[in-house]
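The structure file structure-v6.txt is reproduced below (compact mmCIF, N, CA and C atoms and all ligand atoms).
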# COMPACT_ATOMS: atom_id res chain seq x y z
N MET A 17 102.21 185.27 77.76
CA MET A 17 101.96 183.86 77.43
C MET A 17 100.46 183.62 77.25
N ALA A 18 100.14 182.76 76.32
CA ALA A 18 98.72 182.47 76.01
C ALA A 18 98.09 181.63 77.12
N LEU A 19 96.78 181.56 77.05
CA LEU A 19 96.03 180.70 77.95
C LEU A 19 96.54 179.27 77.80
N GLU A 20 96.72 178.60 78.93
CA GLU A 20 97.26 177.24 78.91
C GLU A 20 96.37 176.37 79.79
N ARG A 21 96.44 175.05 79.57
CA ARG A 21 95.70 174.11 80.42
C ARG A 21 96.68 173.15 81.10
N THR A 22 96.31 172.76 82.30
CA THR A 22 97.10 171.76 83.01
C THR A 22 96.15 170.76 83.66
N PHE A 23 96.72 169.66 84.13
CA PHE A 23 95.93 168.61 84.78
C PHE A 23 96.24 168.59 86.27
N SER A 24 95.19 168.39 87.06
CA SER A 24 95.31 168.41 88.51
C SER A 24 94.52 167.26 89.11
N ILE A 25 95.01 166.75 90.24
CA ILE A 25 94.23 165.77 91.03
C ILE A 25 94.18 166.25 92.48
N ILE A 26 92.99 166.23 93.04
CA ILE A 26 92.85 166.33 94.50
C ILE A 26 92.91 164.89 95.01
N LYS A 27 93.93 164.61 95.81
CA LYS A 27 94.27 163.22 96.16
C LYS A 27 93.40 162.67 97.30
N PRO A 28 93.44 161.35 97.53
CA PRO A 28 92.54 160.72 98.50
C PRO A 28 92.67 161.25 99.93
N ASP A 29 93.84 161.71 100.34
CA ASP A 29 93.95 162.25 101.71
C ASP A 29 93.08 163.50 101.87
N ALA A 30 92.95 164.26 100.77
CA ALA A 30 92.16 165.50 100.82
C ALA A 30 90.67 165.22 100.68
N THR A 31 90.28 164.31 99.78
CA THR A 31 88.85 164.00 99.67
C THR A 31 88.35 163.35 100.96
N ARG A 32 89.20 162.55 101.60
CA ARG A 32 88.81 161.88 102.86
C ARG A 32 88.46 162.90 103.93
N ARG A 33 89.19 164.03 103.92
CA ARG A 33 88.96 165.08 104.93
C ARG A 33 87.99 166.15 104.43
N ASN A 34 87.31 165.87 103.29
CA ASN A 34 86.28 166.77 102.76
C ASN A 34 86.84 168.16 102.43
N LEU A 35 88.03 168.17 101.80
CA LEU A 35 88.72 169.43 101.53
C LEU A 35 88.63 169.87 100.08
N THR A 36 87.78 169.22 99.27
CA THR A 36 87.72 169.57 97.83
C THR A 36 87.46 171.06 97.64
N GLY A 37 86.49 171.61 98.34
CA GLY A 37 86.16 173.03 98.17
C GLY A 37 87.29 173.94 98.60
N LYS A 38 87.97 173.58 99.69
CA LYS A 38 89.07 174.43 100.17
C LYS A 38 90.26 174.39 99.21
N VAL A 39 90.55 173.22 98.63
CA VAL A 39 91.61 173.14 97.63
C VAL A 39 91.21 173.95 96.40
N ASN A 40 89.97 173.80 95.97
CA ASN A 40 89.51 174.55 94.80
C ASN A 40 89.57 176.05 95.04
N ALA A 41 89.29 176.48 96.25
CA ALA A 41 89.35 177.92 96.55
C ALA A 41 90.77 178.44 96.36
N LEU A 42 91.79 177.66 96.74
CA LEU A 42 93.17 178.09 96.53
C LEU A 42 93.52 178.12 95.04
N LEU A 43 93.03 177.14 94.28
CA LEU A 43 93.28 177.13 92.83
C LEU A 43 92.67 178.37 92.18
N GLU A 44 91.43 178.68 92.56
CA GLU A 44 90.73 179.82 91.95
C GLU A 44 91.35 181.15 92.40
N ALA A 45 91.70 181.23 93.68
CA ALA A 45 92.34 182.46 94.17
C ALA A 45 93.68 182.68 93.49
N GLY A 46 94.33 181.59 93.07
CA GLY A 46 95.61 181.68 92.37
C GLY A 46 95.48 182.02 90.90
N GLY A 47 94.26 182.21 90.42
CA GLY A 47 94.07 182.66 89.05
C GLY A 47 93.75 181.57 88.06
N LEU A 48 93.50 180.35 88.54
CA LEU A 48 93.17 179.24 87.63
C LEU A 48 91.66 178.99 87.63
N ARG A 49 91.18 178.58 86.47
CA ARG A 49 89.75 178.30 86.28
C ARG A 49 89.59 176.79 86.14
N ILE A 50 88.66 176.19 86.87
CA ILE A 50 88.41 174.75 86.78
C ILE A 50 87.46 174.53 85.61
N VAL A 51 88.00 174.03 84.48
CA VAL A 51 87.20 173.93 83.25
C VAL A 51 86.69 172.50 83.01
N ALA A 52 87.14 171.55 83.85
CA ALA A 52 86.57 170.20 83.87
C ALA A 52 86.89 169.61 85.24
N GLN A 53 85.98 168.79 85.75
CA GLN A 53 86.21 168.20 87.08
C GLN A 53 85.33 166.96 87.23
N LYS A 54 85.93 165.88 87.74
CA LYS A 54 85.11 164.72 88.09
C LYS A 54 85.75 163.95 89.24
N ARG A 55 84.87 163.40 90.08
CA ARG A 55 85.30 162.60 91.22
C ARG A 55 85.21 161.13 90.80
N LEU A 56 86.26 160.38 91.07
CA LEU A 56 86.28 158.97 90.69
C LEU A 56 87.21 158.20 91.61
N ARG A 57 87.14 156.89 91.52
CA ARG A 57 88.05 156.02 92.27
C ARG A 57 88.93 155.30 91.26
N LEU A 58 90.24 155.50 91.35
CA LEU A 58 91.18 154.85 90.43
C LEU A 58 91.27 153.36 90.73
N SER A 59 91.33 152.54 89.70
CA SER A 59 91.68 151.13 89.87
C SER A 59 93.20 151.04 90.02
N THR A 60 93.66 149.88 90.49
CA THR A 60 95.11 149.68 90.60
C THR A 60 95.78 149.82 89.23
N ALA A 61 95.19 149.25 88.21
CA ALA A 61 95.79 149.33 86.87
C ALA A 61 95.85 150.78 86.38
N GLN A 62 94.80 151.55 86.66
CA GLN A 62 94.79 152.96 86.24
C GLN A 62 95.86 153.77 86.98
N ALA A 63 95.99 153.54 88.29
CA ALA A 63 97.00 154.28 89.07
C ALA A 63 98.41 153.89 88.61
N GLU A 64 98.62 152.62 88.34
CA GLU A 64 99.93 152.17 87.84
C GLU A 64 100.26 152.81 86.51
N ALA A 65 99.26 152.93 85.64
CA ALA A 65 99.49 153.54 84.33
C ALA A 65 99.76 155.04 84.48
N PHE A 66 98.97 155.70 85.30
CA PHE A 66 99.13 157.15 85.46
C PHE A 66 100.51 157.50 86.00
N TYR A 67 100.99 156.71 86.98
CA TYR A 67 102.28 156.97 87.60
C TYR A 67 103.39 156.08 87.02
N GLY A 68 103.21 155.61 85.80
CA GLY A 68 104.17 154.70 85.17
C GLY A 68 105.59 155.21 85.15
N VAL A 69 105.75 156.53 85.05
CA VAL A 69 107.09 157.13 85.03
C VAL A 69 107.86 156.84 86.33
N HIS A 70 107.12 156.55 87.42
CA HIS A 70 107.75 156.29 88.72
C HIS A 70 107.85 154.80 89.03
N LYS A 71 107.65 153.92 88.04
CA LYS A 71 107.49 152.50 88.37
C LYS A 71 108.72 151.86 89.00
N ASP A 72 109.90 152.45 88.79
CA ASP A 72 111.12 151.88 89.40
C ASP A 72 111.52 152.57 90.69
N ARG A 73 110.72 153.53 91.15
CA ARG A 73 111.05 154.24 92.39
C ARG A 73 110.63 153.39 93.59
N PRO A 74 111.33 153.51 94.71
CA PRO A 74 111.01 152.66 95.88
C PRO A 74 109.61 152.91 96.44
N PHE A 75 109.07 154.11 96.20
CA PHE A 75 107.75 154.43 96.77
C PHE A 75 106.59 154.07 95.83
N PHE A 76 106.88 153.44 94.67
CA PHE A 76 105.83 153.24 93.66
C PHE A 76 104.64 152.44 94.19
N ARG A 77 104.90 151.29 94.81
CA ARG A 77 103.79 150.42 95.26
C ARG A 77 102.95 151.14 96.31
N SER A 78 103.62 151.79 97.23
CA SER A 78 102.92 152.54 98.28
C SER A 78 102.10 153.69 97.68
N LEU A 79 102.67 154.36 96.66
CA LEU A 79 101.96 155.47 96.00
C LEU A 79 100.69 154.96 95.31
N VAL A 80 100.79 153.82 94.63
CA VAL A 80 99.62 153.25 93.97
C VAL A 80 98.57 152.85 95.01
N ASP A 81 99.00 152.25 96.11
CA ASP A 81 98.06 151.89 97.18
C ASP A 81 97.36 153.13 97.72
N PHE A 82 98.13 154.19 97.94
CA PHE A 82 97.54 155.44 98.45
C PHE A 82 96.55 156.04 97.45
N MET A 83 96.94 156.09 96.19
CA MET A 83 96.09 156.76 95.19
C MET A 83 94.81 155.99 94.89
N THR A 84 94.77 154.69 95.27
CA THR A 84 93.56 153.89 95.10
C THR A 84 92.80 153.73 96.41
N SER A 85 93.24 154.41 97.47
CA SER A 85 92.65 154.19 98.81
C SER A 85 91.34 154.93 99.02
N GLY A 86 90.99 155.82 98.09
CA GLY A 86 89.75 156.58 98.22
C GLY A 86 89.52 157.37 96.96
N PRO A 87 88.43 158.15 96.93
CA PRO A 87 88.13 158.93 95.74
C PRO A 87 89.18 160.00 95.47
N ILE A 88 89.34 160.31 94.19
CA ILE A 88 90.13 161.47 93.78
C ILE A 88 89.20 162.42 93.02
N VAL A 89 89.63 163.66 92.88
CA VAL A 89 88.94 164.60 91.99
C VAL A 89 89.93 164.99 90.90
N ALA A 90 89.64 164.57 89.67
CA ALA A 90 90.48 164.89 88.51
C ALA A 90 89.98 166.19 87.89
N GLN A 91 90.92 167.05 87.51
CA GLN A 91 90.53 168.39 87.04
C GLN A 91 91.38 168.84 85.86
N VAL A 92 90.78 169.66 85.02
CA VAL A 92 91.54 170.43 84.05
C VAL A 92 91.47 171.89 84.50
N LEU A 93 92.63 172.52 84.60
CA LEU A 93 92.73 173.92 85.04
C LEU A 93 93.22 174.76 83.88
N GLU A 94 92.66 175.95 83.76
CA GLU A 94 93.01 176.84 82.65
C GLU A 94 93.42 178.20 83.20
N GLY A 95 94.44 178.79 82.58
CA GLY A 95 94.86 180.13 82.97
C GLY A 95 96.15 180.50 82.29
N GLU A 96 96.61 181.71 82.52
CA GLU A 96 97.91 182.13 82.02
C GLU A 96 98.97 181.26 82.68
N ASN A 97 99.83 180.66 81.87
CA ASN A 97 100.95 179.90 82.43
C ASN A 97 100.48 178.82 83.40
N ALA A 98 99.40 178.12 83.07
CA ALA A 98 98.69 177.27 84.04
C ALA A 98 99.57 176.16 84.63
N VAL A 99 100.47 175.58 83.81
CA VAL A 99 101.29 174.48 84.33
C VAL A 99 102.17 174.98 85.48
N ALA A 100 102.92 176.04 85.23
CA ALA A 100 103.82 176.58 86.26
C ALA A 100 103.03 177.20 87.41
N ARG A 101 101.95 177.87 87.08
CA ARG A 101 101.14 178.52 88.11
C ARG A 101 100.59 177.48 89.09
N ASN A 102 100.10 176.35 88.53
CA ASN A 102 99.55 175.33 89.42
C ASN A 102 100.62 174.72 90.30
N ARG A 103 101.84 174.55 89.77
CA ARG A 103 102.93 174.02 90.59
C ARG A 103 103.25 174.98 91.74
N GLU A 104 103.15 176.28 91.45
CA GLU A 104 103.37 177.28 92.52
C GLU A 104 102.28 177.19 93.59
N ILE A 105 101.04 177.07 93.14
CA ILE A 105 99.91 177.03 94.09
C ILE A 105 99.97 175.76 94.93
N MET A 106 100.44 174.64 94.33
CA MET A 106 100.55 173.36 95.07
C MET A 106 101.67 173.39 96.09
N GLY A 107 102.82 173.94 95.72
CA GLY A 107 103.99 173.91 96.58
C GLY A 107 104.82 172.65 96.37
N ALA A 108 105.95 172.58 97.07
CA ALA A 108 106.91 171.48 96.90
C ALA A 108 106.29 170.14 97.25
N THR A 109 106.82 169.07 96.63
CA THR A 109 106.34 167.71 96.85
C THR A 109 106.26 167.37 98.33
N ASN A 110 107.34 167.67 99.04
CA ASN A 110 107.38 167.42 100.49
C ASN A 110 106.80 168.65 101.22
N PRO A 111 105.69 168.48 101.93
CA PRO A 111 105.08 169.64 102.59
C PRO A 111 106.03 170.37 103.53
N ALA A 112 107.02 169.66 104.04
CA ALA A 112 108.00 170.31 104.92
C ALA A 112 108.79 171.39 104.18
N ASN A 113 108.87 171.24 102.85
CA ASN A 113 109.62 172.22 102.04
C ASN A 113 108.70 173.18 101.28
N ALA A 114 107.40 173.04 101.45
CA ALA A 114 106.45 173.84 100.67
C ALA A 114 106.31 175.24 101.26
N ALA A 115 106.12 176.22 100.37
CA ALA A 115 105.99 177.61 100.80
C ALA A 115 104.67 177.82 101.55
N GLU A 116 104.67 178.82 102.41
CA GLU A 116 103.46 179.20 103.17
C GLU A 116 102.30 179.45 102.23
N GLY A 117 101.13 178.97 102.60
CA GLY A 117 99.92 179.27 101.84
C GLY A 117 99.67 178.35 100.66
N THR A 118 100.63 177.46 100.36
CA THR A 118 100.42 176.51 99.25
C THR A 118 99.53 175.36 99.71
N ILE A 119 98.93 174.68 98.72
CA ILE A 119 98.02 173.56 99.04
C ILE A 119 98.73 172.54 99.91
N ARG A 120 99.96 172.19 99.52
CA ARG A 120 100.65 171.13 100.26
C ARG A 120 101.08 171.60 101.64
N LYS A 121 101.48 172.86 101.77
CA LYS A 121 101.84 173.37 103.10
C LYS A 121 100.63 173.39 104.02
N VAL A 122 99.50 173.82 103.48
CA VAL A 122 98.30 173.99 104.31
C VAL A 122 97.65 172.64 104.62
N PHE A 123 97.61 171.72 103.63
CA PHE A 123 96.76 170.54 103.78
C PHE A 123 97.49 169.19 103.82
N ALA A 124 98.70 169.08 103.26
CA ALA A 124 99.30 167.75 103.10
C ALA A 124 99.57 167.08 104.44
N GLU A 125 99.45 165.75 104.43
CA GLU A 125 99.74 164.95 105.63
C GLU A 125 101.17 164.44 105.64
N SER A 126 101.75 164.23 104.44
CA SER A 126 103.10 163.65 104.33
C SER A 126 103.60 163.86 102.90
N ILE A 127 104.85 163.47 102.65
CA ILE A 127 105.40 163.59 101.28
C ILE A 127 104.58 162.75 100.30
N GLU A 128 104.01 161.64 100.76
CA GLU A 128 103.17 160.81 99.88
C GLU A 128 101.74 161.34 99.84
N ALA A 129 101.13 161.50 100.99
CA ALA A 129 99.73 161.97 101.07
C ALA A 129 99.75 163.49 101.06
N ASN A 130 100.09 164.03 99.85
CA ASN A 130 100.36 165.47 99.75
C ASN A 130 99.26 166.23 99.01
N SER A 131 98.06 165.68 99.04
CA SER A 131 96.81 166.40 98.73
C SER A 131 96.57 166.76 97.27
N ALA A 132 97.64 166.96 96.48
CA ALA A 132 97.42 167.44 95.11
C ALA A 132 98.46 166.88 94.16
N HIS A 133 98.03 166.69 92.92
CA HIS A 133 98.93 166.42 91.80
C HIS A 133 98.80 167.56 90.81
N GLY A 134 99.91 167.92 90.17
CA GLY A 134 99.86 168.88 89.07
C GLY A 134 100.87 168.50 88.01
N SER A 135 100.48 168.58 86.75
CA SER A 135 101.39 168.25 85.64
C SER A 135 102.66 169.07 85.74
N ASP A 136 103.79 168.47 85.30
CA ASP A 136 105.08 169.16 85.42
C ASP A 136 105.55 169.80 84.11
N SER A 137 104.77 169.64 83.03
CA SER A 137 105.13 170.27 81.74
C SER A 137 103.87 170.34 80.89
N ALA A 138 103.90 171.19 79.88
CA ALA A 138 102.75 171.30 78.98
C ALA A 138 102.54 169.98 78.24
N GLU A 139 103.64 169.33 77.88
CA GLU A 139 103.55 168.04 77.17
C GLU A 139 102.87 166.98 78.05
N ASN A 140 103.29 166.88 79.31
CA ASN A 140 102.65 165.91 80.20
C ASN A 140 101.22 166.31 80.54
N ALA A 141 100.95 167.61 80.60
CA ALA A 141 99.58 168.06 80.85
C ALA A 141 98.64 167.52 79.78
N ALA A 142 99.06 167.61 78.52
CA ALA A 142 98.21 167.12 77.42
C ALA A 142 97.98 165.62 77.54
N ILE A 143 99.03 164.87 77.90
CA ILE A 143 98.90 163.41 78.05
C ILE A 143 97.96 163.08 79.21
N GLU A 144 98.15 163.78 80.34
CA GLU A 144 97.36 163.48 81.54
C GLU A 144 95.89 163.91 81.36
N ILE A 145 95.66 165.05 80.71
CA ILE A 145 94.27 165.46 80.44
C ILE A 145 93.57 164.39 79.59
N ALA A 146 94.26 163.90 78.57
CA ALA A 146 93.66 162.92 77.66
C ALA A 146 93.43 161.57 78.36
N PHE A 147 94.20 161.30 79.42
CA PHE A 147 94.03 160.05 80.18
C PHE A 147 92.67 160.05 80.88
N PHE A 148 92.19 161.23 81.30
CA PHE A 148 90.98 161.32 82.13
C PHE A 148 89.77 161.93 81.42
N PHE A 149 90.00 162.80 80.42
CA PHE A 149 88.88 163.57 79.86
C PHE A 149 88.87 163.50 78.33
N SER A 150 87.65 163.61 77.79
CA SER A 150 87.45 163.84 76.36
C SER A 150 87.29 165.34 76.14
N GLY A 151 87.51 165.77 74.93
CA GLY A 151 87.36 167.19 74.61
C GLY A 151 85.99 167.72 74.99
N ILE A 152 84.97 166.90 74.83
CA ILE A 152 83.60 167.35 75.10
C ILE A 152 83.35 167.61 76.58
N ASP A 153 84.21 167.04 77.45
CA ASP A 153 84.06 167.23 78.91
C ASP A 153 84.64 168.57 79.38
N ILE A 154 85.42 169.25 78.54
CA ILE A 154 86.18 170.42 78.97
C ILE A 154 85.49 171.67 78.44
N VAL A 155 85.05 172.53 79.38
CA VAL A 155 84.27 173.71 79.01
C VAL A 155 84.99 174.95 79.50
N GLY A 156 85.68 175.62 78.60
CA GLY A 156 86.50 176.77 78.98
C GLY A 156 85.70 178.05 79.14
P1 LIG B 201 105.22 165.90 92.30
O1 LIG B 201 103.85 165.32 92.64
O2 LIG B 201 105.54 167.10 93.14
O3 LIG B 201 105.40 166.14 90.80
P2 LIG B 201 106.84 163.49 91.96
O4 LIG B 201 108.31 163.40 92.22
O5 LIG B 201 106.36 163.48 90.53
O6 LIG B 201 106.30 164.80 92.73
O7 LIG B 201 106.16 162.29 92.75
C1 LIG B 201 104.82 161.90 92.49
C2 LIG B 201 104.14 161.62 93.80
O8 LIG B 201 104.77 160.51 94.42
C3 LIG B 201 104.24 162.74 94.85
O9 LIG B 201 103.30 163.77 94.66
C4 LIG B 201 104.01 161.98 96.13
O10 LIG B 201 102.62 161.66 96.31
C5 LIG B 201 104.77 160.68 95.84
N1 LIG B 201 106.17 160.73 96.30
C6 LIG B 201 107.19 161.43 95.74
N2 LIG B 201 108.34 161.26 96.42
C7 LIG B 201 108.03 160.41 97.43
C8 LIG B 201 108.81 159.84 98.49
O11 LIG B 201 110.01 160.06 98.63
N3 LIG B 201 108.13 159.00 99.35
C9 LIG B 201 106.80 158.72 99.22
N4 LIG B 201 106.05 159.23 98.24
C10 LIG B 201 106.64 160.07 97.35
MG MG B 202 105.37 164.76 89.25
How does the structure come out when it is put into structure tokens?
Amino acid sequence: MALERTFSIIKPDATRRNLTGKVNALLEAGGLRIVAQKRLRLSTAQAEAFYGVHKDRPFFRSLVDFMTSGPIVAQVLEGENAVARNREIMGATNPANAAEGTIRKVFAESIEANSAHGSDSAENAAIEIAFFFSGIDIVG
């Protein structure tokens, strides 16, 4: 498979505990290259738009509150099979179900405050990358 890009977020629970470097170490050890990265604070409108697919889920309001509660680090990751690879490195949504050594198993506080976001398909990766970055920001 060719080189692929995916979108990643280090979530507010992880930035609050100063874990950006430790999360990045797991991404890099897993074979992904961080080709764009910026720290920012999402507005409520931005978080609602980013998670729009979940707007009818019972946890939506709480998720938006959490994602706006502190800084995030938005990233573009590049590597072979990057979308699937990043999902493997992150682990299952619920840390209780995440495999040993995954970001969520090692760092997550709860199913909501689960330290990382990763795109679930190449199509969504392209949409999510474009939500946060311009082409000029991404240096492969
Ligand atoms: P994913 O992040 O593993 O792709 P999604 O189902 O897309 O999981 O959910 C998006 C985010 O919403 C999760 O990462 C987590 O922060 C939050 N979330 C998902 N399910 C629940 C839940 O049952 N309760 C609270 N928060 C949840
Ligand atoms: Mg998802």
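Across A:Ala65, A:Ala138, A:Leu35, A:Ala114, the tightest approach to Ala100 of chain A is made by A:Ala138 when counting all atoms listed in the file.
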Compile a residue-level contact table for chain A against ligand MG 202 (chain B) at a cut-off of 7 Å, reporting for every qualifying residue the shortest atom pair and its distance in Å to one decimal, with all atoms listed in the file counted, rows ordered by chain and ascending number, as CSV.
residue,atom,partner,partner_atom,distance
A:Gly134,C,B:MG202,MG,6.0
A:Ser135,C,B:MG202,MG,6.2
A:Asp136,N,B:MG202,MG,5.6
Enumerate as a count of residues only all residues of chain A assigned to strand (DSSP E or B) by DSSP on the backbone, naming them with the chain letters and numbers the document uses.
-> 28
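Residues of protein or nucleic acid lying within 6 Å of ligand LIG 201 (chain B), counting all atoms listed in the file, are A:Phe75, A:Leu79, A:Ala108, A:Thr109, A:Ile127, A:Glu128, A:Ala129, A:Asn130, A:Ala132, A:His133, A:Gly134.
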Emit the selected residues as a tab-separated table (two decimals), in the frame of the given file, including N, CA and C atoms.
chain	number	residue	atom	x	y	z
A	75	PHE	N	109.07	154.11	96.20
A	75	PHE	CA	107.75	154.43	96.77
A	75	PHE	C	106.59	154.07	95.83
A	79	LEU	N	102.67	154.36	96.66
A	79	LEU	CA	101.96	155.47	96.00
A	79	LEU	C	100.69	154.96	95.31
A	108	ALA	N	105.95	172.58	97.07
A	108	ALA	CA	106.91	171.48	96.90
A	108	ALA	C	106.29	170.14	97.25
A	109	THR	N	106.82	169.07	96.63
A	109	THR	CA	106.34	167.71	96.85
A	109	THR	C	106.26	167.37	98.33
A	127	ILE	N	104.85	163.47	102.65
A	127	ILE	CA	105.40	163.59	101.28
A	127	ILE	C	104.58	162.75	100.30
A	128	GLU	N	104.01	161.64	100.76
A	128	GLU	CA	103.17	160.81	99.88
A	128	GLU	C	101.74	161.34	99.84
A	129	ALA	N	101.13	161.50	100.99
A	129	ALA	CA	99.73	161.97	101.07
A	129	ALA	C	99.75	163.49	101.06
A	130	ASN	N	100.09	164.03	99.85
A	130	ASN	CA	100.36	165.47	99.75
A	130	ASN	C	99.26	166.23	99.01
A	132	ALA	N	97.64	166.96	96.48
A	132	ALA	CA	97.42	167.44	95.11
A	132	ALA	C	98.46	166.88	94.16
A	133	HIS	N	98.03	166.69	92.92
A	133	HIS	CA	98.93	166.42	91.80
A	133	HIS	C	98.80	167.56	90.81
A	134	GLY	N	99.91	167.92	90.17
A	134	GLY	CA	99.86	168.88	89.07
A	134	GLY	C	100.87	168.50	88.01
Running DSSP on the backbone, which parts of chain A land in helix (DSSP H, G or I), as a VMD selection string?
-> chain A and resid 28 to 32 36 to 45 60 to 66 68 to 70 76 to 83 98 to 106 111 to 113 119 to 123 138 to 148 151 to 153
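With distances taken over all atoms listed in the file, A:Val89 is the one residue among A:Val89, A:Leu48, A:Leu42, A:Ile119 lying closest to Ile25 of chain A.
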Which residues are close to segment 80-83 of chain A, i.e. within 8 Å by all atoms listed in the file, leaving aside same-chain residues fewer than 3 positions away? Reply as a PDB file with N, CA and C atoms, in the coordinates of the input.
ATOM      1  N   LYS A  27      93.930 164.610  95.810  1.00  0.00           N
ATOM      2  CA  LYS A  27      94.270 163.220  96.160  1.00  0.00           C
ATOM      3  C   LYS A  27      93.400 162.670  97.300  1.00  0.00           C
ATOM      4  N   PRO A  28      93.440 161.350  97.530  1.00  0.00           N
ATOM      5  CA  PRO A  28      92.540 160.720  98.500  1.00  0.00           C
ATOM      6  C   PRO A  28      92.670 161.250  99.930  1.00  0.00           C
ATOM      7  N   ASP A  29      93.840 161.710 100.340  1.00  0.00           N
ATOM      8  CA  ASP A  29      93.950 162.250 101.710  1.00  0.00           C
ATOM      9  C   ASP A  29      93.080 163.500 101.870  1.00  0.00           C
ATOM     10  N   ARG A  57      87.140 156.890  91.520  1.00  0.00           N
ATOM     11  CA  ARG A  57      88.050 156.020  92.270  1.00  0.00           C
ATOM     12  C   ARG A  57      88.930 155.300  91.260  1.00  0.00           C
ATOM     13  N   LEU A  58      90.240 155.500  91.350  1.00  0.00           N
ATOM     14  CA  LEU A  58      91.180 154.850  90.430  1.00  0.00           C
ATOM     15  C   LEU A  58      91.270 153.360  90.730  1.00  0.00           C
ATOM     16  N   SER A  59      91.330 152.540  89.700  1.00  0.00           N
ATOM     17  CA  SER A  59      91.680 151.130  89.870  1.00  0.00           C
ATOM     18  C   SER A  59      93.200 151.040  90.020  1.00  0.00           C
ATOM     19  N   THR A  60      93.660 149.880  90.490  1.00  0.00           N
ATOM     20  CA  THR A  60      95.110 149.680  90.600  1.00  0.00           C
ATOM     21  C   THR A  60      95.780 149.820  89.230  1.00  0.00           C
ATOM     22  N   GLN A  62      94.800 151.550  86.660  1.00  0.00           N
ATOM     23  CA  GLN A  62      94.790 152.960  86.240  1.00  0.00           C
ATOM     24  C   GLN A  62      95.860 153.770  86.980  1.00  0.00           C
ATOM     25  N   ALA A  63      95.990 153.540  88.290  1.00  0.00           N
ATOM     26  CA  ALA A  63      97.000 154.280  89.070  1.00  0.00           C
ATOM     27  C   ALA A  63      98.410 153.890  88.610  1.00  0.00           C
ATOM     28  N   GLU A  64      98.620 152.620  88.340  1.00  0.00           N
ATOM     29  CA  GLU A  64      99.930 152.170  87.840  1.00  0.00           C
ATOM     30  C   GLU A  64     100.260 152.810  86.510  1.00  0.00           C
ATOM     31  N   TYR A  67     100.990 156.710  86.980  1.00  0.00           N
ATOM     32  CA  TYR A  67     102.280 156.970  87.600  1.00  0.00           C
ATOM     33  C   TYR A  67     103.390 156.080  87.020  1.00  0.00           C
ATOM     34  N   PHE A  75     109.070 154.110  96.200  1.00  0.00           N
ATOM     35  CA  PHE A  75     107.750 154.430  96.770  1.00  0.00           C
ATOM     36  C   PHE A  75     106.590 154.070  95.830  1.00  0.00           C
ATOM     37  N   PHE A  76     106.880 153.440  94.670  1.00  0.00           N
ATOM     38  CA  PHE A  76     105.830 153.240  93.660  1.00  0.00           C
ATOM     39  C   PHE A  76     104.640 152.440  94.190  1.00  0.00           C
ATOM     40  N   ARG A  77     104.900 151.290  94.810  1.00  0.00           N
ATOM     41  CA  ARG A  77     103.790 150.420  95.260  1.00  0.00           C
ATOM     42  C   ARG A  77     102.950 151.140  96.310  1.00  0.00           C
ATOM     43  N   GLY A  86      90.990 155.820  98.090  1.00  0.00           N
ATOM     44  CA  GLY A  86      89.750 156.580  98.220  1.00  0.00           C
ATOM     45  C   GLY A  86      89.520 157.370  96.960  1.00  0.00           C
ATOM     46  N   PRO A  87      88.430 158.150  96.930  1.00  0.00           N
ATOM     47  CA  PRO A  87      88.130 158.930  95.740  1.00  0.00           C
ATOM     48  C   PRO A  87      89.180 160.000  95.470  1.00  0.00           C
ATOM     49  N   ILE A  88      89.340 160.310  94.190  1.00  0.00           N
ATOM     50  CA  ILE A  88      90.130 161.470  93.780  1.00  0.00           C
ATOM     51  C   ILE A  88      89.200 162.420  93.020  1.00  0.00           C
ATOM     52  N   GLU A 128     104.010 161.640 100.760  1.00  0.00           N
ATOM     53  CA  GLU A 128     103.170 160.810  99.880  1.00  0.00           C
ATOM     54  C   GLU A 128     101.740 161.340  99.840  1.00  0.00           C
ATOM     55  N   ALA A 129     101.130 161.500 100.990  1.00  0.00           N
ATOM     56  CA  ALA A 129      99.730 161.970 101.070  1.00  0.00           C
ATOM     57  C   ALA A 129      99.750 163.490 101.060  1.00  0.00           C
TER      58      ALA A 129
END
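Proximity to Phe149 of chain A was assessed for A:Lys121, A:His70, A:Arg55, A:Arg103 counting only C-alpha atoms; the smallest distance is recorded for A:Arg55.
With atom C of Ser126 of chain A on one side and atom N of Pro111 of chain A on the other, the separation reads 5.2 Å.
In this structure, atom N of Ala141 of chain A sits 8.4 Å away from atom CA of Arg21 of chain A.
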Counting all atoms listed in the file, closest pick from A:Gly37, A:Ile145, A:Gly151, A:Ala45 relative to Gln91 of chain A is A:Ile145
Would you list the residues near (96.8, 174.0, 83.3), meaning any protein, DNA or RNA residue with an atom at most 6 Å from that point in file coordinates, counting all atoms listed in the file, as a ChimeraX atom specification?
-> /A:20-23,92-95,98-99
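With atom CA of Ala18 of chain A on one side and atom C of Asn97 of chain A on the other, the separation reads 8.4 Å.
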Edge lengths and centre in Å, axis-aligned, segment 81-85 of chain A plus 4 Å each side, as JSON:
{"center_x": 95.2, "center_y": 154.3, "center_z": 97.0, "size_x": 15.7, "size_y": 12.9, "size_z": 12.1}
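Among A:Val39, A:Met106, A:Val122, A:Ala90, the residue with the shortest atom-to-atom distance to Val51 of chain A, counting only C-alpha atoms, is A:Ala90.
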